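As provided, upload27.cif (mmCIF, C-alpha atoms) reads as follows.
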```cif
data_model
#
loop_
_atom_site.label_atom_id
_atom_site.label_comp_id
_atom_site.auth_asym_id
_atom_site.auth_seq_id
_atom_site.Cartn_x
_atom_site.Cartn_y
_atom_site.Cartn_z
CA MET A 69 -44.20 -87.74 61.88
CA PHE A 70 -44.33 -86.82 58.21
CA SER A 71 -41.45 -85.07 56.47
CA ILE A 72 -41.55 -81.90 54.40
CA GLY A 73 -41.01 -84.09 51.34
CA HIS A 74 -44.20 -86.02 52.17
CA TYR A 75 -46.27 -82.82 52.27
CA ALA A 76 -44.59 -81.57 49.11
CA ARG A 77 -45.68 -84.73 47.29
CA ILE A 78 -49.25 -84.30 48.57
CA TRP A 79 -49.31 -80.70 47.38
CA LEU A 80 -47.85 -81.59 43.97
CA ALA A 81 -50.48 -84.29 43.52
CA SER A 82 -53.19 -81.71 44.28
CA ALA A 83 -51.55 -79.23 41.88
CA ARG A 84 -51.48 -81.80 39.08
CA TYR A 85 -55.16 -82.55 39.64
CA ALA A 86 -56.00 -78.82 39.58
CA VAL A 87 -54.14 -78.31 36.30
CA THR A 88 -55.75 -81.39 34.74
CA ARG A 89 -59.20 -80.20 35.79
CA THR A 90 -58.48 -76.74 34.38
CA LEU A 91 -57.51 -78.26 31.03
CA MET A 92 -60.81 -80.15 31.01
CA PHE A 93 -62.82 -76.93 31.52
CA ARG A 94 -60.82 -74.40 29.51
CA GLY A 95 -63.78 -72.09 29.00
CA ASP A 96 -64.30 -71.71 32.75
CA PHE A 97 -60.59 -71.00 33.23
CA PHE A 98 -60.60 -68.37 30.48
CA VAL A 99 -63.70 -66.60 31.80
CA TRP A 100 -62.44 -66.35 35.38
CA ALA A 101 -58.98 -65.31 34.26
CA MET A 102 -60.53 -62.50 32.20
CA VAL A 103 -62.78 -61.44 35.09
CA GLU A 104 -59.77 -61.12 37.39
CA LEU A 105 -57.77 -59.34 34.69
CA PHE A 106 -60.62 -56.87 34.21
CA TRP A 107 -60.76 -56.21 37.97
CA MET A 108 -57.00 -55.62 38.09
CA THR A 109 -57.17 -53.30 35.08
CA VAL A 110 -59.90 -51.24 36.75
CA ASN A 111 -57.72 -50.85 39.86
CA VAL A 112 -54.75 -49.63 37.83
CA MET A 113 -56.89 -47.26 35.75
CA LEU A 114 -58.45 -45.86 38.92
CA VAL A 115 -55.01 -44.81 40.14
CA SER A 116 -54.34 -43.06 36.83
CA VAL A 117 -57.65 -41.18 37.03
CA ILE A 118 -57.03 -40.06 40.63
CA TYR A 119 -53.59 -38.68 39.78
CA GLN A 120 -54.98 -36.61 36.94
CA HIS A 121 -56.40 -34.40 39.71
CA THR A 122 -53.66 -34.51 42.33
CA ASP A 123 -49.91 -35.01 42.62
CA THR A 124 -49.82 -37.04 45.82
CA VAL A 125 -52.13 -39.07 48.05
CA ALA A 126 -50.98 -39.27 51.69
CA GLY A 127 -47.50 -38.40 50.44
CA TRP A 128 -47.43 -41.12 47.75
CA THR A 129 -46.83 -40.20 44.10
CA GLN A 130 -48.60 -41.87 41.18
CA TYR A 131 -46.08 -44.64 40.53
CA GLU A 132 -45.48 -45.21 44.23
CA MET A 133 -49.21 -45.79 44.53
CA MET A 134 -49.11 -48.00 41.43
CA LEU A 135 -46.38 -50.10 43.01
CA LEU A 136 -48.47 -50.40 46.18
CA VAL A 137 -51.54 -51.48 44.20
CA GLY A 138 -49.44 -54.00 42.26
CA THR A 139 -48.08 -55.44 45.52
CA SER A 140 -51.59 -55.71 46.96
CA MET A 141 -52.84 -57.47 43.82
CA LEU A 142 -49.84 -59.84 43.87
CA ILE A 143 -50.56 -60.91 47.45
CA GLN A 144 -54.25 -61.36 46.68
CA ARG A 145 -53.56 -63.42 43.55
CA PHE A 146 -51.24 -65.76 45.48
CA LEU A 147 -53.78 -66.06 48.29
CA MET A 148 -56.63 -66.84 45.91
CA GLY A 149 -54.51 -69.10 43.74
CA PHE A 150 -53.12 -71.30 46.50
CA PHE A 151 -55.68 -71.20 49.32
CA TRP A 152 -58.94 -69.34 48.70
CA SER A 153 -61.10 -72.15 47.27
CA SER A 154 -59.88 -74.74 49.76
CA ILE A 155 -60.43 -72.56 52.82
CA PHE A 156 -63.97 -71.53 51.93
CA GLU A 157 -64.89 -75.05 50.88
CA MET A 158 -63.69 -76.11 54.33
CA GLY A 159 -66.53 -74.15 55.93
CA ARG A 160 -69.11 -75.97 53.79
CA ASN A 161 -67.49 -79.34 54.49
CA ILE A 162 -67.63 -78.75 58.24
CA ARG A 163 -71.32 -77.89 58.04
CA THR A 164 -72.25 -80.87 55.85
CA GLY A 165 -70.00 -83.46 57.51
CA ASN A 166 -67.82 -83.93 54.42
CA PHE A 167 -64.86 -82.83 56.52
CA ASP A 168 -64.55 -86.51 57.49
CA PHE A 169 -62.64 -86.97 54.23
CA PHE A 170 -59.75 -84.85 55.51
CA LEU A 171 -59.71 -86.54 58.91
CA ALA A 172 -59.19 -89.85 57.13
CA GLN A 173 -56.15 -88.58 55.22
CA PRO A 174 -52.59 -89.19 56.49
CA GLY A 175 -50.78 -86.10 57.68
CA ASN A 176 -51.76 -82.72 59.07
CA VAL A 177 -55.50 -82.04 58.73
CA MET A 178 -55.15 -78.26 58.47
CA PHE A 179 -52.57 -78.54 55.70
CA THR A 180 -54.65 -81.02 53.71
CA ALA A 181 -57.90 -79.10 54.12
CA THR A 182 -56.49 -75.69 53.15
CA THR A 183 -54.22 -76.64 50.24
CA ARG A 184 -56.26 -79.26 48.38
CA LYS A 185 -57.45 -76.94 45.59
CA LEU A 186 -55.58 -74.46 43.41
CA ASP A 187 -56.95 -71.76 41.12
CA PRO A 188 -54.60 -71.53 38.11
CA ASP A 189 -56.43 -68.46 36.78
CA SER A 190 -55.37 -66.43 39.82
CA LEU A 191 -51.81 -67.73 39.61
CA ILE A 192 -51.60 -66.78 35.93
CA ASN A 193 -52.77 -63.25 36.74
CA SER A 194 -50.05 -62.95 39.39
CA LEU A 195 -47.75 -62.37 36.41
CA VAL A 196 -49.81 -59.28 35.58
CA ALA A 197 -49.39 -58.02 39.14
CA ILE A 198 -45.63 -58.60 38.93
CA SER A 199 -45.60 -56.65 35.67
CA VAL A 200 -47.35 -53.71 37.36
CA VAL A 201 -44.77 -53.74 40.17
CA ALA A 202 -41.85 -53.95 37.70
CA TYR A 203 -43.25 -51.17 35.51
CA SER A 204 -43.83 -48.91 38.52
CA ALA A 205 -40.30 -49.57 39.80
CA HIS A 206 -38.93 -48.67 36.37
CA GLN A 207 -40.89 -45.40 36.31
CA LEU A 208 -39.56 -44.58 39.79
CA HIS A 209 -36.00 -45.28 38.55
CA LEU A 210 -35.47 -47.89 41.25
CA SER A 211 -32.44 -50.16 41.00
CA PRO A 212 -33.03 -52.80 43.67
CA SER A 213 -30.30 -55.33 44.33
CA TRP A 214 -30.98 -59.05 44.36
CA LEU A 215 -31.04 -58.84 48.16
CA ASP A 216 -33.71 -56.12 48.01
CA ILE A 217 -35.80 -58.24 45.63
CA ALA A 218 -35.39 -61.30 47.87
CA LEU A 219 -36.48 -59.27 50.91
CA TYR A 220 -39.48 -57.93 48.99
CA ALA A 221 -40.44 -61.50 48.02
CA LEU A 222 -40.10 -62.62 51.66
CA LEU A 223 -42.38 -59.81 52.83
CA VAL A 224 -44.93 -60.69 50.12
CA VAL A 225 -44.90 -64.28 51.39
CA CYS A 226 -45.45 -62.95 54.92
CA GLY A 227 -48.44 -61.00 53.62
CA VAL A 228 -49.91 -64.15 52.06
CA ILE A 229 -49.39 -66.09 55.30
CA ILE A 230 -51.08 -63.37 57.37
CA HIS A 231 -54.10 -63.30 55.05
CA TYR A 232 -54.18 -67.11 55.09
CA SER A 233 -54.08 -67.16 58.89
CA VAL A 234 -56.89 -64.63 59.27
CA LEU A 235 -59.03 -66.60 56.78
CA VAL A 236 -58.42 -69.91 58.55
CA MET A 237 -59.37 -68.34 61.89
CA SER A 238 -62.52 -66.85 60.37
CA ILE A 239 -63.69 -70.04 58.66
CA SER A 240 -62.86 -72.08 61.77
CA ALA A 241 -65.87 -70.35 63.32
CA ALA A 242 -67.90 -72.99 61.45
CA PHE A 243 -66.83 -75.46 64.15
CA TRP A 244 -68.82 -73.43 66.70
CA ILE A 245 -71.66 -71.85 64.70
CA THR A 246 -74.13 -73.24 62.18
CA SER A 247 -72.68 -71.42 59.19
CA ALA A 248 -69.76 -69.14 58.38
CA GLN A 249 -71.36 -67.89 55.18
CA GLY A 250 -70.83 -64.21 54.47
CA ILE A 251 -67.24 -64.22 55.68
CA GLU A 252 -65.94 -64.49 52.11
CA GLY A 253 -67.51 -61.25 50.94
CA SER A 254 -66.71 -59.43 54.17
CA TYR A 255 -63.09 -60.47 54.11
CA PHE A 256 -62.67 -59.53 50.46
CA THR A 257 -64.03 -56.07 51.27
CA LEU A 258 -61.59 -55.65 54.16
CA SER A 259 -58.68 -56.78 51.99
CA GLU A 260 -59.36 -53.84 49.66
CA PHE A 261 -57.85 -51.58 52.33
CA SER A 262 -54.45 -53.05 51.44
CA ARG A 263 -54.38 -50.79 48.37
CA ILE A 264 -54.42 -47.65 50.52
CA PRO A 265 -51.25 -46.03 51.96
CA ARG A 266 -51.06 -46.56 55.71
CA GLN A 267 -50.30 -42.85 56.16
CA ALA A 268 -53.90 -42.16 55.06
CA PHE A 269 -55.31 -43.88 58.15
CA ARG A 270 -55.82 -41.92 61.35
CA GLY A 271 -57.23 -42.63 64.79
CA ILE A 272 -59.47 -45.66 65.17
CA ALA A 273 -59.06 -46.64 61.50
CA GLN A 274 -55.28 -46.80 61.93
CA VAL A 275 -55.60 -48.98 65.03
CA ALA A 276 -58.13 -51.27 63.35
CA PHE A 277 -56.57 -51.80 59.92
CA VAL A 278 -52.87 -51.20 60.52
CA TRP A 279 -52.22 -52.65 63.96
CA VAL A 280 -55.10 -54.96 64.99
CA LEU A 281 -55.96 -56.37 61.54
CA PRO A 282 -52.78 -55.78 59.50
CA MET A 283 -54.64 -55.55 56.18
CA VAL A 284 -52.77 -52.38 55.27
CA ALA A 285 -49.32 -53.31 56.54
CA VAL A 286 -49.08 -56.55 54.52
CA SER A 287 -48.84 -54.60 51.26
CA ASN A 288 -47.48 -51.27 52.46
CA ILE A 289 -44.34 -52.65 54.10
CA PRO A 290 -43.14 -54.71 51.07
CA ALA A 291 -43.81 -51.76 48.74
CA GLN A 292 -42.07 -49.30 51.06
CA THR A 293 -39.11 -51.68 51.43
CA LEU A 294 -38.70 -51.92 47.66
CA MET A 295 -38.92 -48.15 47.24
CA LYS A 296 -36.97 -46.89 50.26
CA GLY A 297 -34.78 -49.79 51.27
CA PHE A 298 -34.42 -52.02 54.31
CA ASP A 299 -36.05 -50.86 57.56
CA LEU A 300 -35.13 -53.27 60.35
CA GLN A 301 -37.96 -52.22 62.65
CA LEU A 302 -40.69 -52.69 60.02
CA VAL A 303 -39.27 -55.98 58.76
CA LEU A 304 -38.97 -57.45 62.27
CA TRP A 305 -42.49 -56.27 63.03
CA ILE A 306 -44.10 -57.95 60.04
CA LEU A 307 -42.08 -61.14 60.60
CA SER A 308 -43.25 -61.17 64.22
CA ILE A 309 -46.93 -60.68 63.43
CA THR A 310 -46.68 -63.36 60.74
CA VAL A 311 -45.57 -65.87 63.38
CA VAL A 312 -48.24 -64.65 65.82
CA TRP A 313 -51.11 -64.83 63.31
CA LEU A 314 -50.08 -68.23 61.96
CA GLY A 315 -49.69 -69.62 65.48
CA THR A 316 -53.10 -68.25 66.47
CA ALA A 317 -54.70 -69.73 63.35
CA ILE A 318 -53.22 -73.17 64.08
CA PHE A 319 -54.42 -72.99 67.70
CA THR A 320 -57.93 -71.86 66.72
CA PHE A 321 -58.28 -74.52 64.02
CA HIS A 322 -57.26 -77.37 66.33
CA ARG A 323 -59.49 -76.09 69.14
CA GLY A 324 -62.37 -76.09 66.71
CA LEU A 325 -61.44 -79.53 65.42
CA ARG A 326 -62.14 -80.95 68.87
CA ARG A 327 -65.76 -79.83 68.49
CA TYR A 328 -66.26 -81.44 65.11
CA THR A 329 -68.78 -84.28 65.42
CA SER A 330 -68.49 -85.74 61.90
CA ALA A 331 -71.30 -86.76 59.55
CA SER A 332 -72.16 -89.88 61.51
CA SER A 333 -72.81 -88.11 64.83
#
```

Full structure transcribed into structure tokens:
Amino acid sequence: MFSIGHYARIWLASARYAVTRTLMFRGDFFVWAMVELFWMTVNVMLVSVIYQHTDTVAGWTQYEMMLLVGTSMLIQRFLMGFFWSSIFEMGRNIRTGNFDFFLAQPGNVMFTATTRKLDPDSLINSLVAISVVAYSAHQLHLSPSWLDIALYALLVVCGVIIHYSVLVMSISAAFWITSAQGIEGSYFTLSEFSRIPRQAFRGIAQVAFVWVLPMVAVSNIPAQTLMKGFDLQLVLWILSITVVWLGTAIFTFHRGLRRYTSASS
């Protein structure tokens, strides 16, 4: 049994490698950081354009919507910075047999396979997302306590874990099918719904994207908590589904792992 300290050392070694590699290819880092920054800027500008023609969208004012968009971008930047590259490389490694490398490593296979790579450009741009949230909160004249900020951070972490869990479950399909290609683009498209207020969804769309796939809730609940304060029912709900999704992802991954035949088979 390996301790938390053991896994922390593994992760730090991977982080050091990622930073070293980034410093070796500075041009690549700069280009991707600027691409992400451009995408984030377009999202923020889109909100400004929409609110030139209306006062509210599904009951949300301009800076409430800006705070929601900032929260969504923050969760996405953390997801892409810490896990995105590793998870999607996992699908290719399963298909080619290179997944043997992770089976040979000491410790938990799922942890090693999904945390090996970091994207510093996404992590740097998380500061931009935080700035959008802080600016929006200032415009809304919010005065959150340290407890409110800590709760908001916890809910953001829950959002990252839920996205991580759904991605791991999706890519684990590579254990059963020939290729899981196409999931990356599809998932990124679905994650765009997190920038929309959940009050805007009705009927089947509400069931699909708020309750079944909590793409909307992962950003809406942290933003709403920061704006309107602690709601025990919502907080307990998102904590519960975080546990459920992570547990399901772990189960699915290890079920798939039993089917892996390695490169030599």

Taking the point (-54.1, -70.6, 66.6) as given in the file, collect each protein or nucleic acid residue that comes within 12 Å of it, counting all atoms listed in the file, and present the set as a list of chain:residue names.
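Answer for this query, in the requested form: A:Met178, A:Ser233, A:Val234, A:Leu235, A:Val236, A:Met237, A:Ser238, A:Ser240, A:Thr310, A:Val311, A:Val312, A:Trp313, A:Leu314, A:Gly315, A:Thr316, A:Ala317, A:Ile318, A:Phe319, A:Thr320, A:Phe321, A:His322, A:Arg323, A:Gly324, A:Leu325.
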
List the residues selected by the PyMOL selection byres ((chain A and resi 262) around 8) in the file shown, writing them as a VMD selection string.
chain A and resid 137 140 259 to 261 263 to 265 283 to 288

Rounded to one decimal, what separation in Å do you get between atom CA of Ala172 of chain A and atom CA of Ala86 of chain A?
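The value is 21.0 Å.
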
Could you work out how far atom CA of Ala101 of chain A lies from atom CA of Leu208 of chain A, giving the answer in Å with one decimal?
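Here the two named atoms are 28.9 Å from each other.
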
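Between Lys296 of chain A and the residues A:Tyr220, A:Phe277, A:Phe269, A:Tyr328, the shortest atom-to-atom distance, using all atoms listed in the file, involves A:Tyr220.
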
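Minimum distance to Ile118 of chain A across A:Ser154, A:Gln130, A:Gln301, A:Asn166 (counting only C-alpha atoms) occurs at A:Gln130.
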
Just the number, please: distance in Å from atom CA of Phe156 of chain A to atom CA of Gly95 of chain A, one decimal.
22.9 Å

Quick one: of A:Leu171, A:Ser308, A:Ile230, A:Ser116, who's nearest to Arg326 of chain A, counting all atoms listed in the file?
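Among the listed residues, the smallest separation from Arg326 of chain A belongs to A:Leu171.
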
Considering all atoms listed in the file, return as a PyMOL selection string whatever protein or nucleic-acid residues lie within 12 Å of Ser194 of chain A, sequence-local ones (same chain, fewer than 2 positions apart) excluded.
chain A and resi 101+104-105+108+138-150+187-192+196-201

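Residue nearest Ala241 of chain A within the list A:Ile162, A:Met295, A:Leu136, A:Ala202: A:Ile162 [criterion: smallest interatomic distance, only C-alpha atoms].
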
Closest of A:Ile245, A:Val177, A:Met134, A:Ala291 to Met113 of chain A - atom-to-atom distances counting only C-alpha atoms:
A:Met134

Neighbours of point (-50.6, -87.6, 51.0) within 12 Å, using all atoms listed in the file, written as a PyMOL selection string:
chain A and resi 70-82+170+172-177+179-181+183-184

Quick one: residues within 12 Å of Ser213 of chain A, only C-alpha atoms counted, chain neighbours fewer than 3 positions away excluded, as a compact mmCIF listing (two decimals) with C-alpha atoms, keeping the file's coordinate frame?
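Written output follows (selection-v5.txt):
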```txt
# COMPACT_ATOMS: atom_id res chain seq x y z
CA LEU A 210 -35.47 -47.89 41.25
CA ASP A 216 -33.71 -56.12 48.01
CA ILE A 217 -35.80 -58.24 45.63
CA ALA A 218 -35.39 -61.30 47.87
CA LEU A 219 -36.48 -59.27 50.91
CA TYR A 220 -39.48 -57.93 48.99
CA THR A 293 -39.11 -51.68 51.43
CA LEU A 294 -38.70 -51.92 47.66
CA MET A 295 -38.92 -48.15 47.24
CA GLY A 297 -34.78 -49.79 51.27
CA PHE A 298 -34.42 -52.02 54.31
```

Which residue gives the smallest distance to Phe167 of chain A among A:Thr182, A:Ser153, A:Ser254, A:Ser204, with all atoms listed in the file counted?
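Checking each of A:Thr182, A:Ser153, A:Ser254, A:Ser204 against Phe167 of chain A, counting all atoms listed in the file, the winner is A:Thr182.
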
Translate the PyMOL selection byres ((chain A and resi 127) around 9) into a concrete residue list for this structure, as a ChimeraX atom specification.
/A:123-126,128-129,265,267-268

Given the file shown, enumerate the residues that the PyMOL selection byres ((chain A and resi 163) around 8) captures and present them as number ranges by chain.
A: 159-162, 164-166, 242-243, 246-247
